[in-house]
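Take a look at the structure set out below.
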Amino acid sequence: MLDNIKEFASEFFVTGDPLIYGADVSIVLATLAIVFVLTYFKKWGWLWRNWLTTVDHKKIGIMYILAAIVMLFRGGVDAVMMRTQLAFPDLNFLEPEHYNQIFTTHGVVMIFFMAMPLMFGLFNIVVPLQIGARDVAFPFLNSLSFWLFFVGAMLFNLSFVIGGSPDAGWLAYPPLSGTQFNPGVGQNFYIWGIQISGIGSLASGINFIVTILKMRAPGMTMMKMPMFTWSVFASSTTIIFAFPILAITMLLLFMDRFFGAHFFTLDGGGNPMMYINLIWMWGHPEVYIVVLPAFGVFSETVATFARKRLFGYASMVFAMVIISIISFFTWAHHFFTMGSGANVNAFFAVTTMIIAIPTGVKIFNWLFTMYKGRISFPTPMMWTIAFIPAFVVGGMTGVMLSVAPADFQFHNSYFLIAHFHQVLIGGVVFGYFAGLYYWWPKMFGFKLNEYLGKWAFWFWNIGFYVCFMPQYLVGLDGMTRRISVFSDPDWTGLNVVSTIGAYIMGIAFLFQVAQIGYSIFRHEKDTTGDIWDARTLEWSTPSPAPEYNFAVIPQVHSRDEWWEEKERRARGEQPAQYGPIEPIHMPKNSAIPAIMGACWFIAGFGLVFHWLFFAIPGLIGVFICMFARSFSAHKAEYYIPAEEVERTEATLRGSV
Amino acid sequence: MGKKRSSLVRAAFSAVVLAMTMLLLSGCGNYMVLDPKGPIAQKQLDLIGITVLLCSIIIVPVLIITFIIVWRYRASNKKADYKPEWAHNNLLETIWWGIPIVIIAILAVITIRYTHELEPSKTLAAESEKEVVIQVASLDWKWLFMYPEEGIATINTITIPEDRSVRFELTSDAPMNSFWIPELGGQIYTMSGMSMALHLKADEPGDYFGTAANFSGEYFANMTFDVHATTEADYEKWVADAKNSSDTLTDEGYQELAKPSADNEQLVYASFPEGLYERIVTKYMHDGAELHEHGSASSDEEGKQSADAGAASTEAEGHDSSSHTGH
């Protein structure tokens, strides 16, 4: 009996690697610490009522961002470990098996569980405020999206200590990811972590499309929307067309692994190439899903800090829409070398190049927004300006990769790795950092410390170039991705430099953690609600905004409505009066999303281990939650009385 | 505070200087892709050059303009113009839609031409010339090379004569991989159940680096191989020596070889079972299933081979055989 338990435990828990034992200990300690703090300060009720059950878009946004920062840490540690191995390949810091797991989880975590939640966090914080709405269209669904993401992320991360991590690369190409070559549970964690959070992403896409189409303040036509909202619209539209492909692809892979189907297997008529096509039909639009909102952020920061209107608004909108459409027609450039033939390759090469045109136009428009402006350089603007050279160079290497016959020499090499890190860090991460610094005061009512922020900025930027420029060179020297050892002495120097860069970025992240920690305790409260003297409606509310956002829904006249309003006031006109304060109709908190998330977790865990006694009850729980919601939806709303709104406004603004 | 700050600045600065110095030092070597030894790699390098040049027409001015605008219109420079309402100009916007469109159009035309010209299934041999054929199978985690005409086989090493078109026929008996010899030309995927074709040529004798490029599992990093380009005479001698090698590859031997293993030695076999390559390609096929020939034009010879292997027909996919005549 005891032996059976021992044997089960040795397979169930990941064993044998001191690094993982260390992680086990730190996970247990961190969990105990959190439980202790919550219990000691009697905060369990507060956590449940104010956060876990909330349907307030601002709080959901904060939870997304918090989770994303934790995941950035995890993905970053993976990156630093890989770089350490590559700087000293002979020391065997990581065994090949462990290295393979780490590059797999690095990719998955960074895209699905860092970039996506950080993006949804910004969507949540900003969009309703920017369009003059009181919440998103479906607040309950919004909370459910968060919990599905969170549960998916936790399930995936669990593979680190239980069962074993996936190790077939971040897109899990079959047949390597099939049971024939990968019989363990790691790949099941991959499928269900992504599947569950993917449903959440799809729901968020729908939610924001409806929010933007239906909940804009009166007077805000589509062509008067702030550019960030436009970018969210373009990104969400891309989501609803791309994520179903991902869901089906994961389902098919699951059927191969669970039921022994033959979609992507070698035998039985399966065809792995189908998977590669499908995953990139999602995968390429995904890149634009995450980068478009970053473009949106830059459009906001550049106008605010140049104190000038955004140049070429119509061009900007058109460029974004075109990018999201063409992004669906470029997928085969990820496998030019799969022998599709010259005509197919030529087609996808040209569609890929075409995307460079609207992207280039956007850069020009940002530059000419700054032209004849009055540019100041707080941290959000520093990230914006740093983005331009990073993205321009990354864009050029992207065009180089798009030239199909030349791609035969770049494909799968470190040149490719350098390219996509340059656009994903230089574009997406820089963009989201700019957004985070820019809207942080809106979330919490104070600015992040600028001094520490500048240190973080410079470490990030220097580390970024030191890390990825050598990778272009080592790629041109024939080094392929995903190798943990190499014998070519010419590659050593470049790899060591690259590793130094990775550590510099690691230090930069520590500066950011310090910056957040320091700013929480030492800050100046923002009483204006408009700390940057900005242009759009979110800055017309107090910081942080009250739960109902706007006491009275504003009437919009122009693109930069808040800027215009400030101009009118400066000319001595009366502040706009939008009518009397009325009772405000609000959604009630709900525990169902969190409970349904927990049920999904149980179901997912059961499906990973093929334990139907876990999976079936979990799925039944999911359906019970759906029923419960169906029959209680009418009770899920309430009114905030007008007097209470007046009181809140008086405290927040000092007058009404 | 001030002291701490300056020491931090110094530390950061010296880290950057150190990094840049090392970058420059290591930058002195020749990078394989930039130092081509064959016509395919050469044309690919030409194309890379053209792309960089065309892109620079936009990139360089943009970087300069960025610097100028950010510097000139900084808030502290009160002499600069300030036009907060200026947000639209048809002429300017036409220019920056127009220039990228023109450049991308030029690049697109060039790319399409080169895509046909460098189609990997196209032979590099003139009609009278005879190609060297090497059949390649990626295994876990080693490369098996078979010379069907010479009747010899090797592991993780190949020898080819200089100045002759080499036709690689490639498949896999393991998760898909990619076959890459950077100094000779770009890579092509190896996939089980399919036969791919790649034509390369070495301009001069030398030892070149070959590698697996698509991740295929635990010991993927060990899948490098050597390419020896020799003179025609040395090649003949190498083949003769190989035929006298004491090792032979049998069907049973192949079954052993196909099992996952790391750290494989380079090996030369005096012979290998006839039709082994075709059997690997058709291993997972049902009766009557078609042999997928990706990226390779069908020819009589191949038709015979696949008939031998029991597959019904050969399928040439995705490209026209008319592109054999050059541009």
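All residue names refer to the structure tokens as shown: chains lettered A, B, ... in order, residues numbered from 1 in each chain, ligands numbered from 1 in order.
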
Can you pull out every residue within 8 Å of B:Phe168, counting only C-alpha atoms, but drop anything in the same chain fewer than 6 positions away, and send it as a PyMOL selection string? chain B and resi 133-136+196-200

DSSP on the backbone, strand (DSSP E or B) only: what residues of stretch 46-261 of chain B does that give? Format it as a PyMOL selection string. chain B and resi 74+132-139+142-147+152-155+157-161+166-172+177-181+185-190+194-200+206-212+224-230

Next, write the just-selected residues to a file, as a CSV table (one decimal), in the first residue's frame, keeping C-alpha atoms as the atom set.
```
chain,number,residue,atom,x,y,z
B,74,ARG,CA,11.1,69.1,-26.5
B,132,VAL,CA,24.5,13.6,-57.0
B,133,VAL,CA,21.5,12.2,-55.3
B,134,ILE,CA,21.5,12.0,-51.5
B,135,GLN,CA,18.5,10.6,-49.7
B,136,VAL,CA,18.1,12.0,-46.2
B,137,ALA,CA,16.1,10.8,-43.2
B,138,SER,CA,16.0,12.7,-40.0
B,139,LEU,CA,15.9,10.2,-37.1
B,142,LYS,CA,20.8,11.8,-35.9
B,143,TRP,CA,20.8,12.1,-39.7
B,144,LEU,CA,20.9,9.1,-42.0
B,145,PHE,CA,22.2,9.8,-45.5
B,146,MET,CA,21.9,7.4,-48.3
B,147,TYR,CA,23.6,7.6,-51.7
B,152,ILE,CA,26.6,3.7,-49.6
B,153,ALA,CA,25.1,5.3,-46.5
B,154,THR,CA,26.4,7.6,-43.8
B,155,ILE,CA,25.4,8.9,-40.4
B,157,THR,CA,28.4,13.3,-42.3
B,158,ILE,CA,28.2,13.7,-46.1
B,159,THR,CA,30.8,14.2,-48.7
B,160,ILE,CA,29.9,15.9,-52.0
B,161,PRO,CA,31.9,16.9,-55.1
B,166,VAL,CA,23.3,17.8,-55.3
B,167,ARG,CA,19.8,16.7,-55.1
B,168,PHE,CA,18.7,16.0,-51.6
B,169,GLU,CA,15.5,13.9,-51.2
B,170,LEU,CA,14.4,14.3,-47.6
B,171,THR,CA,12.0,12.6,-45.3
B,172,SER,CA,11.8,11.8,-41.6
B,177,ASN,CA,12.8,18.4,-38.6
B,178,SER,CA,14.6,20.7,-40.9
B,179,PHE,CA,17.8,20.2,-42.9
B,180,TRP,CA,20.1,23.2,-43.1
B,181,ILE,CA,23.6,23.8,-44.5
B,185,GLY,CA,21.8,27.5,-48.9
B,186,GLY,CA,18.5,27.6,-47.1
B,187,GLN,CA,16.8,24.8,-45.3
B,188,ILE,CA,13.8,22.6,-46.0
B,189,TYR,CA,11.6,20.6,-43.6
B,190,THR,CA,11.8,16.8,-43.3
B,194,MET,CA,6.5,12.9,-47.5
B,195,SER,CA,9.5,13.3,-49.7
B,196,MET,CA,10.9,16.8,-50.1
B,197,ALA,CA,13.5,17.9,-52.5
B,198,LEU,CA,16.3,20.4,-52.1
B,199,HIS,CA,19.1,21.3,-54.6
B,200,LEU,CA,22.4,22.7,-53.4
B,206,GLY,CA,35.7,22.9,-47.8
B,207,ASP,CA,34.1,21.6,-44.6
B,208,TYR,CA,30.7,23.1,-44.0
B,209,PHE,CA,28.4,23.0,-41.1
B,210,GLY,CA,25.1,21.2,-41.3
B,211,THR,CA,22.4,21.3,-38.6
B,212,ALA,CA,18.9,20.3,-37.7
B,224,THR,CA,24.6,18.5,-36.4
B,225,PHE,CA,26.4,17.0,-39.3
B,226,ASP,CA,29.5,17.7,-41.4
B,227,VAL,CA,29.5,18.4,-45.1
B,228,HIS,CA,32.7,17.8,-46.9
B,229,ALA,CA,32.9,19.3,-50.3
B,230,THR,CA,35.8,17.8,-52.3
```

Neighbour list for A:Ala153 as number ranges by chain, cut-off 12 Å, only C-alpha atoms, skip fewer than 4 positions in-chain: A: 64, 67-68, 70-71, 74, 105, 108-114, 116-117, 146-149, 157-160, 189-198, 200, 597, 600-601, 604

Can I get the selection written as a JSON list (two decimals), in the first residue's frame, with N, CA and C atoms?
```json
[["chain", "number", "residue", "atom", "x", "y", "z"],
["A", 64, "TYR", "N", -6.29, 41.39, -13.56],
["A", 64, "TYR", "CA", -5.60, 40.94, -14.77],
["A", 64, "TYR", "C", -4.14, 41.39, -14.74],
["A", 67, "ALA", "N", -1.98, 39.59, -12.15],
["A", 67, "ALA", "CA", -1.65, 38.24, -12.61],
["A", 67, "ALA", "C", -0.60, 38.29, -13.70],
["A", 68, "ALA", "N", -0.74, 39.27, -14.61],
["A", 68, "ALA", "CA", 0.21, 39.37, -15.72],
["A", 68, "ALA", "C", 1.61, 39.67, -15.22],
["A", 70, "VAL", "N", 2.88, 38.82, -12.29],
["A", 70, "VAL", "CA", 3.40, 37.58, -11.72],
["A", 70, "VAL", "C", 3.88, 36.64, -12.83],
["A", 71, "MET", "N", 3.09, 36.57, -13.91],
["A", 71, "MET", "CA", 3.46, 35.69, -15.02],
["A", 71, "MET", "C", 4.68, 36.23, -15.76],
["A", 74, "ARG", "N", 7.48, 34.89, -13.89],
["A", 74, "ARG", "CA", 7.73, 33.47, -14.17],
["A", 74, "ARG", "C", 8.39, 33.28, -15.54],
["A", 105, "THR", "N", 7.56, 26.57, -21.79],
["A", 105, "THR", "CA", 6.73, 27.34, -20.86],
["A", 105, "THR", "C", 7.02, 28.83, -20.98],
["A", 108, "VAL", "N", 4.78, 29.97, -23.86],
["A", 108, "VAL", "CA", 3.35, 29.90, -23.54],
["A", 108, "VAL", "C", 2.98, 30.95, -22.50],
["A", 109, "VAL", "N", 3.79, 31.02, -21.45],
["A", 109, "VAL", "CA", 3.48, 31.96, -20.37],
["A", 109, "VAL", "C", 3.51, 33.40, -20.89],
["A", 110, "MET", "N", 4.53, 33.73, -21.66],
["A", 110, "MET", "CA", 4.67, 35.12, -22.09],
["A", 110, "MET", "C", 3.52, 35.54, -23.01],
["A", 111, "ILE", "N", 3.10, 34.68, -23.93],
["A", 111, "ILE", "CA", 2.04, 35.07, -24.85],
["A", 111, "ILE", "C", 0.67, 34.95, -24.20],
["A", 112, "PHE", "N", 0.36, 33.76, -23.68],
["A", 112, "PHE", "CA", -1.01, 33.52, -23.21],
["A", 112, "PHE", "C", -1.27, 34.12, -21.84],
["A", 113, "PHE", "N", -0.26, 34.07, -20.97],
["A", 113, "PHE", "CA", -0.53, 34.41, -19.57],
["A", 113, "PHE", "C", 0.17, 35.69, -19.13],
["A", 114, "MET", "N", 0.92, 36.33, -20.02],
["A", 114, "MET", "CA", 1.48, 37.64, -19.69],
["A", 114, "MET", "C", 0.90, 38.69, -20.64],
["A", 116, "MET", "N", -1.49, 38.54, -23.00],
["A", 116, "MET", "CA", -2.95, 38.60, -23.11],
["A", 116, "MET", "C", -3.60, 39.24, -21.87],
["A", 117, "PRO", "N", -3.30, 38.78, -20.65],
["A", 117, "PRO", "CA", -3.94, 39.42, -19.50],
["A", 117, "PRO", "C", -3.54, 40.88, -19.31],
["A", 146, "PHE", "N", -12.19, 36.70, -16.82],
["A", 146, "PHE", "CA", -11.00, 36.79, -15.96],
["A", 146, "PHE", "C", -10.74, 35.46, -15.28],
["A", 147, "TRP", "N", -11.79, 34.87, -14.72],
["A", 147, "TRP", "CA", -11.57, 33.63, -13.96],
["A", 147, "TRP", "C", -11.15, 32.49, -14.87],
["A", 148, "LEU", "N", -11.66, 32.46, -16.09],
["A", 148, "LEU", "CA", -11.22, 31.40, -17.01],
["A", 148, "LEU", "C", -9.75, 31.58, -17.35],
["A", 149, "PHE", "N", -9.37, 32.83, -17.60],
["A", 149, "PHE", "CA", -7.94, 33.09, -17.84],
["A", 149, "PHE", "C", -7.12, 32.62, -16.64],
["A", 157, "ASN", "N", 0.50, 26.39, -15.01],
["A", 157, "ASN", "CA", 1.67, 26.54, -14.14],
["A", 157, "ASN", "C", 1.82, 25.39, -13.16],
["A", 158, "LEU", "N", 0.72, 24.73, -12.88],
["A", 158, "LEU", "CA", 0.77, 23.58, -11.99],
["A", 158, "LEU", "C", 1.67, 22.48, -12.55],
["A", 159, "SER", "N", 1.75, 22.42, -13.88],
["A", 159, "SER", "CA", 2.54, 21.36, -14.51],
["A", 159, "SER", "C", 4.00, 21.42, -14.09],
["A", 160, "PHE", "N", 4.38, 22.57, -13.58],
["A", 160, "PHE", "CA", 5.76, 22.77, -13.13],
["A", 160, "PHE", "C", 6.09, 21.84, -11.97],
["A", 189, "PHE", "N", -1.58, 19.40, -19.94],
["A", 189, "PHE", "CA", -1.64, 20.69, -19.24],
["A", 189, "PHE", "C", -1.66, 21.83, -20.25],
["A", 190, "TYR", "N", -0.82, 21.67, -21.26],
["A", 190, "TYR", "CA", -0.75, 22.69, -22.32],
["A", 190, "TYR", "C", -2.12, 22.88, -22.96],
["A", 191, "ILE", "N", -2.73, 21.76, -23.38],
["A", 191, "ILE", "CA", -4.01, 21.85, -24.08],
["A", 191, "ILE", "C", -5.06, 22.49, -23.20],
["A", 192, "TRP", "N", -5.18, 22.04, -21.96],
["A", 192, "TRP", "CA", -6.30, 22.55, -21.14],
["A", 192, "TRP", "C", -6.03, 23.91, -20.55],
["A", 193, "GLY", "N", -4.76, 24.20, -20.26],
["A", 193, "GLY", "CA", -4.45, 25.57, -19.82],
["A", 193, "GLY", "C", -4.85, 26.57, -20.88],
["A", 194, "ILE", "N", -4.49, 26.27, -22.12],
["A", 194, "ILE", "CA", -4.78, 27.18, -23.22],
["A", 194, "ILE", "C", -6.26, 27.16, -23.58],
["A", 195, "GLN", "N", -6.86, 25.99, -23.58],
["A", 195, "GLN", "CA", -8.27, 25.89, -23.97],
["A", 195, "GLN", "C", -9.15, 26.70, -23.02],
["A", 196, "ILE", "N", -8.93, 26.52, -21.71],
["A", 196, "ILE", "CA", -9.80, 27.20, -20.74],
["A", 196, "ILE", "C", -9.59, 28.70, -20.81],
["A", 197, "SER", "N", -8.34, 29.14, -20.82],
["A", 197, "SER", "CA", -8.13, 30.60, -20.87],
["A", 197, "SER", "C", -8.55, 31.15, -22.22],
["A", 198, "GLY", "N", -8.45, 30.32, -23.27],
["A", 198, "GLY", "CA", -8.85, 30.77, -24.60],
["A", 198, "GLY", "C", -10.34, 31.09, -24.69],
["A", 200, "GLY", "N", -12.05, 32.22, -22.26],
["A", 200, "GLY", "CA", -12.15, 33.53, -21.62],
["A", 200, "GLY", "C", -11.76, 34.65, -22.57],
["A", 597, "GLY", "N", -15.07, 29.06, -12.42],
["A", 597, "GLY", "CA", -13.64, 28.92, -12.70],
["A", 597, "GLY", "C", -13.07, 27.73, -11.94],
["A", 600, "TRP", "N", -14.07, 24.60, -13.55],
["A", 600, "TRP", "CA", -13.26, 24.37, -14.75],
["A", 600, "TRP", "C", -11.89, 23.83, -14.38],
["A", 601, "PHE", "N", -11.36, 24.35, -13.28],
["A", 601, "PHE", "CA", -10.04, 23.90, -12.85],
["A", 601, "PHE", "C", -10.08, 22.40, -12.53],
["A", 604, "GLY", "N", -10.51, 20.52, -15.75],
["A", 604, "GLY", "CA", -9.27, 20.55, -16.51],
["A", 604, "GLY", "C", -8.24, 19.61, -15.91]]
```

Distance query A:Ala87 at most 9 Å, only C-alpha atoms, self and fewer than 6 positions along chain excluded, as a ChimeraX atom specification: /A:492-500

Once you have the residues from the selection above, write them out as an mmCIF file, in the first residue's frame, restricted to C-alpha atoms.
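Writing the result to out.cif gives the following:
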```cif
data_model
loop_
_atom_site.group_PDB
_atom_site.id
_atom_site.type_symbol
_atom_site.label_atom_id
_atom_site.label_comp_id
_atom_site.auth_asym_id
_atom_site.auth_seq_id
_atom_site.Cartn_x
_atom_site.Cartn_y
_atom_site.Cartn_z
ATOM 1 C CA THR A 492 30.169 31.572 -27.405
ATOM 2 C CA GLY A 493 30.982 35.280 -27.318
ATOM 3 C CA LEU A 494 27.694 36.370 -28.831
ATOM 4 C CA ASN A 495 25.755 34.125 -26.483
ATOM 5 C CA VAL A 496 27.563 35.468 -23.444
ATOM 6 C CA VAL A 497 26.753 39.038 -24.498
ATOM 7 C CA SER A 498 23.143 38.115 -25.079
ATOM 8 C CA THR A 499 22.970 36.568 -21.624
ATOM 9 C CA ILE A 500 24.381 39.729 -20.060
#
```

Might you pull out every residue within 12 Å of A:Arg134, with only C-alpha atoms counted and same-chain residues fewer than 3 positions away left off, and present them as a compact mmCIF listing (two decimals) with N, CA and C atoms, in the first residue's frame?
```
# COMPACT_ATOMS: atom_id res chain seq x y z
N VAL A 55 -17.66 42.54 -10.22
CA VAL A 55 -17.90 42.62 -11.67
C VAL A 55 -17.50 44.01 -12.17
N ASP A 56 -16.83 44.77 -11.31
CA ASP A 56 -16.40 46.12 -11.68
C ASP A 56 -15.21 46.03 -12.65
N HIS A 57 -15.36 46.60 -13.84
CA HIS A 57 -14.29 46.47 -14.85
C HIS A 57 -12.95 46.99 -14.36
N LYS A 58 -12.96 48.00 -13.48
CA LYS A 58 -11.69 48.57 -13.03
C LYS A 58 -10.95 47.59 -12.13
N ASN A 124 -9.84 46.65 -19.87
CA ASN A 124 -10.82 46.79 -18.80
C ASN A 124 -10.72 48.14 -18.10
N ILE A 125 -9.50 48.52 -17.78
CA ILE A 125 -9.32 49.78 -17.05
C ILE A 125 -9.81 50.93 -17.91
N VAL A 126 -9.45 50.91 -19.20
CA VAL A 126 -9.54 52.13 -19.99
C VAL A 126 -10.84 52.25 -20.78
N VAL A 127 -11.25 51.18 -21.45
CA VAL A 127 -12.29 51.36 -22.47
C VAL A 127 -13.59 51.98 -21.94
N PRO A 128 -14.20 51.42 -20.88
CA PRO A 128 -15.45 52.04 -20.43
C PRO A 128 -15.26 53.51 -20.05
N LEU A 129 -14.14 53.81 -19.39
CA LEU A 129 -13.91 55.21 -18.99
C LEU A 129 -13.72 56.10 -20.21
N GLN A 130 -13.06 55.54 -21.22
CA GLN A 130 -12.73 56.37 -22.37
C GLN A 130 -13.95 56.65 -23.24
N ILE A 131 -14.93 55.77 -23.23
CA ILE A 131 -16.11 56.00 -24.07
C ILE A 131 -17.28 56.52 -23.25
N ALA A 137 -20.24 45.92 -21.53
CA ALA A 137 -21.60 45.52 -21.89
C ALA A 137 -22.08 44.36 -21.02
N PHE A 138 -21.20 43.40 -20.75
CA PHE A 138 -21.60 42.21 -19.99
C PHE A 138 -20.65 42.04 -18.81
N PRO A 139 -20.93 42.72 -17.69
CA PRO A 139 -19.99 42.69 -16.55
C PRO A 139 -19.81 41.29 -15.98
N THR A 211 -19.38 46.34 -26.16
CA THR A 211 -19.22 47.56 -25.34
C THR A 211 -18.96 48.77 -26.24
N MET A 215 -22.13 51.10 -26.23
CA MET A 215 -22.15 51.83 -24.97
C MET A 215 -21.40 53.15 -24.99
N ARG A 216 -21.11 53.66 -26.18
CA ARG A 216 -20.43 54.95 -26.25
C ARG A 216 -21.37 56.06 -25.77
N ALA A 217 -20.77 57.06 -25.16
CA ALA A 217 -21.56 58.20 -24.68
C ALA A 217 -22.23 58.87 -25.87
N GLU A 538 -11.53 59.55 -19.94
CA GLU A 538 -11.20 58.87 -18.68
C GLU A 538 -10.59 59.84 -17.68
N THR A 541 -12.79 61.97 -14.97
CA THR A 541 -13.31 61.39 -13.73
C THR A 541 -12.24 61.52 -12.65
N ALA A 545 -11.49 56.22 -10.37
CA ALA A 545 -12.88 56.55 -10.68
C ALA A 545 -13.81 55.84 -9.71
N PRO A 546 -14.92 56.49 -9.33
CA PRO A 546 -15.89 55.81 -8.48
C PRO A 546 -16.49 54.62 -9.22
N GLU A 547 -17.16 53.73 -8.48
CA GLU A 547 -17.59 52.47 -9.11
C GLU A 547 -18.51 52.71 -10.30
N TYR A 548 -19.25 53.81 -10.28
CA TYR A 548 -20.18 54.07 -11.39
C TYR A 548 -19.53 54.90 -12.50
N ASN A 549 -18.25 55.20 -12.37
CA ASN A 549 -17.45 55.94 -13.37
C ASN A 549 -17.90 57.39 -13.55
N PHE A 550 -19.11 57.59 -14.11
CA PHE A 550 -19.58 58.94 -14.41
C PHE A 550 -20.89 59.17 -13.66
N ALA A 551 -20.92 60.21 -12.86
CA ALA A 551 -22.16 60.52 -12.14
C ALA A 551 -23.26 60.81 -13.15
N VAL A 552 -22.89 61.55 -14.20
CA VAL A 552 -23.81 61.81 -15.30
C VAL A 552 -23.06 61.48 -16.59
N ILE A 553 -23.71 60.77 -17.47
CA ILE A 553 -23.03 60.38 -18.72
C ILE A 553 -22.74 61.63 -19.56
N PRO A 554 -21.49 61.83 -19.95
CA PRO A 554 -21.14 63.06 -20.68
C PRO A 554 -21.70 63.08 -22.10
N ILE A 584 -28.32 55.38 -10.16
CA ILE A 584 -27.51 54.69 -11.17
C ILE A 584 -27.71 53.18 -11.09
N HIS A 585 -27.99 52.62 -12.24
CA HIS A 585 -28.28 51.21 -12.41
C HIS A 585 -26.95 50.45 -12.52
N MET A 586 -26.68 49.53 -11.57
CA MET A 586 -25.37 48.86 -11.55
C MET A 586 -25.53 47.34 -11.44
N PRO A 587 -24.55 46.61 -11.96
CA PRO A 587 -24.58 45.14 -11.79
C PRO A 587 -24.11 44.77 -10.39
```

Write out as a ChimeraX atom specification the set of residues from stretch 179-415 of chain A that DSSP, computed on the backbone, places in alpha helix (DSSP H). /A:186-214,227-258,272-306,313-326,342-370,379-402,404-410,414-415

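Closest to chain A among B:Ser128, B:Thr282, B:Ser192, B:Thr123 is B:Ser192, based on only C-alpha atoms.
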
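Here the question is which of B:Asp35, B:Leu47, B:Met223, B:Ile58 gets nearest to B:Val109 using only C-alpha atoms, and that residue is B:Leu47.
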
Residue nearest A:Phe348 - candidates A:Tyr578, A:Phe329, A:Trp366, A:Phe181, atoms counted: only C-alpha atoms: A:Phe329

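Distance check against chain A using only C-alpha atoms: of B:Lys122, B:Lys237, B:Lys201, B:His88, the minimum falls on B:His88.
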
Show me, as a list of chain:residue names, the residues that have an atom within 10 Å of A:Lys525 when counting only C-alpha atoms, minus same-chain residues fewer than 6 positions from it. A:Pro441, A:Phe444, A:Gly445, A:Phe446, A:Lys447, A:Ser543

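Every protein, DNA or RNA residue with an atom at most 10 Å from B:Tyr254, where only C-alpha atoms count and chain neighbours fewer than 6 positions away do not, is listed here: Leu144, Phe272, Pro273 and Leu276 of chain B.
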
Interatomic distance between atom CA of A:Phe464 and atom CA of A:Ile323? 26.1 Å
